[in-house]
Each structure stands twice: as C-alpha cells, then as structure tokens.
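A quick write-up on the structure given underneath.
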Amino acid sequence: MNLEELFNQYKEQSIQGRYLTLDHIQPLLDKLNTNNQLQIIGRSVLDEPIYSYQIGTGETRVYLWSQMHGNESTTTKALFDFINVLNSESEFAEKMLKTFTFYSIPILNPDGARLYTRENANKIDLNRDSQNLTQPESKVLREAFESFKPHYCFNLHDQRTIFGAGATGKPATVSFLAPSYNEEREVNENRLKAINVIAGINDVLQQYIPGQVGRFNDSFNINCIGDTFQFMGVPTILFEAGHFENDYNREITRKLIFFSLISSFEIISENDLVDNRINDYLNISQNKVVFYDFMYKNIKINYDGIEIITNFVAQYKEELIENKIHFNAYIVEVGELENYFGHYEYDGKEAIYSDDYSGFPKLHQKANFYLNKNVKFVNGLIKS
C-alpha cells in the first residue's frame with residue numbers, strides 16, 4: 001500500500017492549520033452521517049455538543065479521541081483523513097470495516113478548542129481528571145469507554161516544539177507511549193499489545209522520518225486517562241504529534257499521524273502481535289526537552305558596560321487573535337545553552353546585539369532586534 005498516495009487521495013481538504021473548532025468540523029460530521037453513525041453523547045461546560053462517530057461492524061472495537069486538550073488539533077485532522085478512507089468503499093476500507101468497529105470522539109474538549117487552550121472552560125486539564133471525573137467532558141469519555149468496551153484505546157494528542165528524539169538534534173516529530181498500568185511500570189499482556197503496535201508503527205515511520213520518532217516517559221500517573229485505561233485492562237496507545245522542520249501548521253505531521261493510524265490497524269488486523277517487541281520499543285529514543293524555536297549563537301552583548309559573547313533563544317507563543325492563530329516569538333533564555341538546539345539557528349559570529357527596548361535580550365521581550373545594526377530580525381526571523 002502506498003501511504004503517500006492514500007493520504008493525497010483522502011486528505012480532508014476543508015480543514016487546515018492549527019485552529020480547529022466544532023464550527024470547522026460540523027459540516028464534515030453532517031456529511032459523514034449517512035447512516036446515523038453520528039451521536040451527541042454529552043455537552044461541554046459551555047453547553048457545546050460532544051459528538052461520537054461510529055463506523056464498522058468488526059469484532060475488534062477501537063476507541064479513539066482527540067482534542068482532549070483544545071489546542072491540540074493535528075490528530076483531529078488526521079482522524080478525519082482516516083475516516084474518509086473508511087468511507088471510500090475501497091478494498092482496504094471493506095477489510096477495515098469487517099475487522100474493526102471504530103468509535104471516535106473528534107473533539108472531546110470543544111470549549112478549549114474554541115478558546116485555543118489546553119484546559120476546558122473551567123481551566124481543568126482533562127488529562128488529569130480521569131479519577132475524580134469532576135468535568136462533564138471527563139464523564140463523557142469514561143461513560144463511552146464503559147458502554148463501548150473497547151479492545152484498544154487510541155489517545156490522540158499534540159506535543160510542543162521543545163521535544164527532541166533523545167539528544168540527537170532531531171525533533172520528535174511523532175512520539176508514542178504504551179502507558180504504564182502500575183507504579184512499577186511492569187509489562188503485562190495488555191501493555192505488551194500496545195508496545196508491539198508502537199514498534200510496528202515505528203518500523204513504518206523510520207522510512208519517512210528516520211531518527212525523528214520519540215517515546216514518551218512512562219512514569220505512572222493514575223490521574224492520566226491513558227494510565228487509567230491501561231490499568232483497567234485495555235491496551236492503550238498515546239499518540240503525540242510534534243514538530244517537523246518549518247511545519248508549524250503541522251500539515252506534514254498530520255500526514256505522519258495518518259500513516260501511523262493506517263499502519264496500526266494493518267498490524268492489528270494481521271494479528272502481527274505475537275512477538276515480544278519490547279526491546280524495539282525501548283530502542284525508540286525517549287522524548288527529551290532539548291529544542292527551542294530559535295537559537296542565536298555567538299552574539300556580542302553589552303550588559304551593564306561589560307561586553308560578553310553569548311547565546312540566546314526565543315520561543316513562539318501561539319496567540320488566538322480574531323479567530324486566527326498568530327505565532328509570536330519571545331526571548332526566553334540567555335546563556336551558554338549547551339546541549340540545546342534551535343529549529344532555526346543563526347550564528348552571529350560575534351555580531352553586536354541591539355534593539356529598540358532595553359539594548360540587550362531581555363526575557364519575555366518580543367524577538368525583534370538588530371545584529372551589527374544592519375541585520376534586522378522581526379518576530380525571530382531576518383527581515384529581508
């Protein structure tokens with residue numbers, strides 16, 4: 001199967017970029033609802049509907065949810081691309097629908113999606129509410145889990161640009177985790193199923209992004225939904241859509257998540273989970289906080305009359321302004337910054353720093369400055 005061709009054929013063109021709300025997906029849901037597959041299964045804090053979409057008649061039940069964190073939309077886009085494949089009436093789609101029953105919640109946190117925040121409208125992180133179930137969205141997720149009784153759970157997220165695949169200097173473009181089910185992080189039969197699926201996905205992704213797949217830390221936290229479902233005996237896989245070079249709208253990462261979804265269901269449907277692939281899983285580089293969006297090296301700074309040669313870094317802040325996400329770069333650290341990388345790196349070769357504010361790179365200041373007074377940087381980048 002040619003995954004590139006499949007993606008190009010079934011990519012949902014009506015949704016793009018990082019800002020994705022119910023307004024954007026409602027027309028899609030209505031279009032896909034050809035046989036009452038769409039249900040309103042609850043409502044958010046601000047009374048937005050929470051939808052489920054179910055398709056397939058197979059014995060293996062798969063539960064998928066995205067945008068538990070409202071500002072993490074990449075996997076939602078990939079989920080709709082995958083749903084388009086399932087509705088394609090192709091030979092592959094027929095096989096999938098006979099093998100699996102898919103139950104998805106495309107935007108679990110519609111209030112957070114509209115506000116472009118990680119938390120819900122009560123400022124609660126739903127991924128820390130899996131035990132107390134204080135929020136309506138958390139209750140919806142749990143009630144659907146208990147009624148659907150899945151054989152696999154797919155917990156779909158985005159991660160920040162700060163993560164690298166180990167200390168290799170490569171970004172963690174896609175990361176995975178088979179969550180622990182106990183404090184000892186032991187591997188039982190259910191967790192091993194998730195581990196084997198991830199190892200298989202990694203085999204596929206290495207062909208497209210060699211060295212750019214990460215593995216999330218598996219410390220046990222029963223308040224996290226993945227750990228809870230793993231604890232409850234259901235193989236659970238955490239997907240984290242990360243950064244690919246110059247892909248801040250995450251359209252390339254979206255494609256790689258789509259590849260991962262297709263590959264995972266091929267692996268499960270072929271029952272290719274008999275081997276113990278824990279060593280292959282552990283050989284995936286662990287996520288490490290080693291990246292900034294911008295790194296400026298060997299910059300001459302006059303600080304209180306003393307000239308020093310140093311480095312500084314800036315990070316994008318994603319700001320929602322008039323229903324559009326703006327990436328605004330702010331200075332966040334000054335120093336040697338050994339063992340860190342920038343997605344954009346500039347060697348100043350001892351060029352002199354100046355700006356229109358304080359005269360030196362001050363923390364939380366916009367990344368607008370000059371080097372040698374003739375090279376102008378605006379919002380982190382050289383202004384041509």
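Chain lettering (A, B, ...) mirrors the order of the structure tokens, residue numbering begins at 1 for each chain separately, and ligand numbering begins at 1 in order of display.
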
Per DSSP on the backbone, filter region 149-273 of chain A down to the residues in helix (DSSP H, G or I) and report them as a ChimeraX atom specification. /A:189-205,225-231,251-269

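The shell of residues at most 10 Å from Lys288 (chain A), with only C-alpha atoms counted and near chain neighbours (fewer than 3 positions) removed, consists of Ile162, Phe163, Gly164, Ala165, Gly166, Ala167, Thr168, Pro171, Ala172, Gly214, Arg215, Phe216, Asn217, Ser285 and Phe291 of chain A.
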
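Take the candidates A:Ser175, A:Asn372, A:Gln207, A:Asn188 and check each one against Ile284 (chain A) using only C-alpha atoms; the shortest distance goes to A:Ser175.
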
Quick one: of A:Gln67, A:Gln159, A:Thr228, A:Thr173, who's nearest to Asn132 (chain A), counting only C-alpha atoms? A:Thr228

Which distance in Å separates CA of Arg160 (chain A) and CA of Gln212 (chain A), to one decimal?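 Interatomic distance, CA of Arg160 (chain A) to CA of Gln212 (chain A): 14.2 Å.
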
Which residues are near Val334 (chain A)? Cut-off 9 Å, only C-alpha atoms, ignore same chain within fewer than 5 positions. Put them as a list in words. Thr310, Asn311, Phe312, Val313, Pro361, Lys362 and Leu363 of chain A

Counting only C-alpha atoms, the option among A:Asn120, A:Gln26, A:Thr74, A:Thr60 closest to Asp247 (chain A):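 Under the stated criterion, the closest residue is A:Thr74.
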
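The closest residue to Asn71 (chain A), picked from A:Tyr19, A:Phe341, A:Tyr51, A:Phe102 and counting only C-alpha atoms, is A:Tyr19.
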
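Proximity ranking of A:Asn190, A:Asn287, A:Ser147, A:Ser66 relative to Leu20 (chain A) places A:Ser66 first, based on only C-alpha atoms.
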
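One finds CA of Lys383 (chain A) at 9.8 Å from CA of Asn368 (chain A).
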
Give me, as an MDAnalysis selection string, the residues of region 216-379 of chain A that a backbone DSSP run labels strand (DSSP E or B). chainID A and resid 236:241 286:289 291:303 306:321 324:335 341:354 366 369:371 375:378
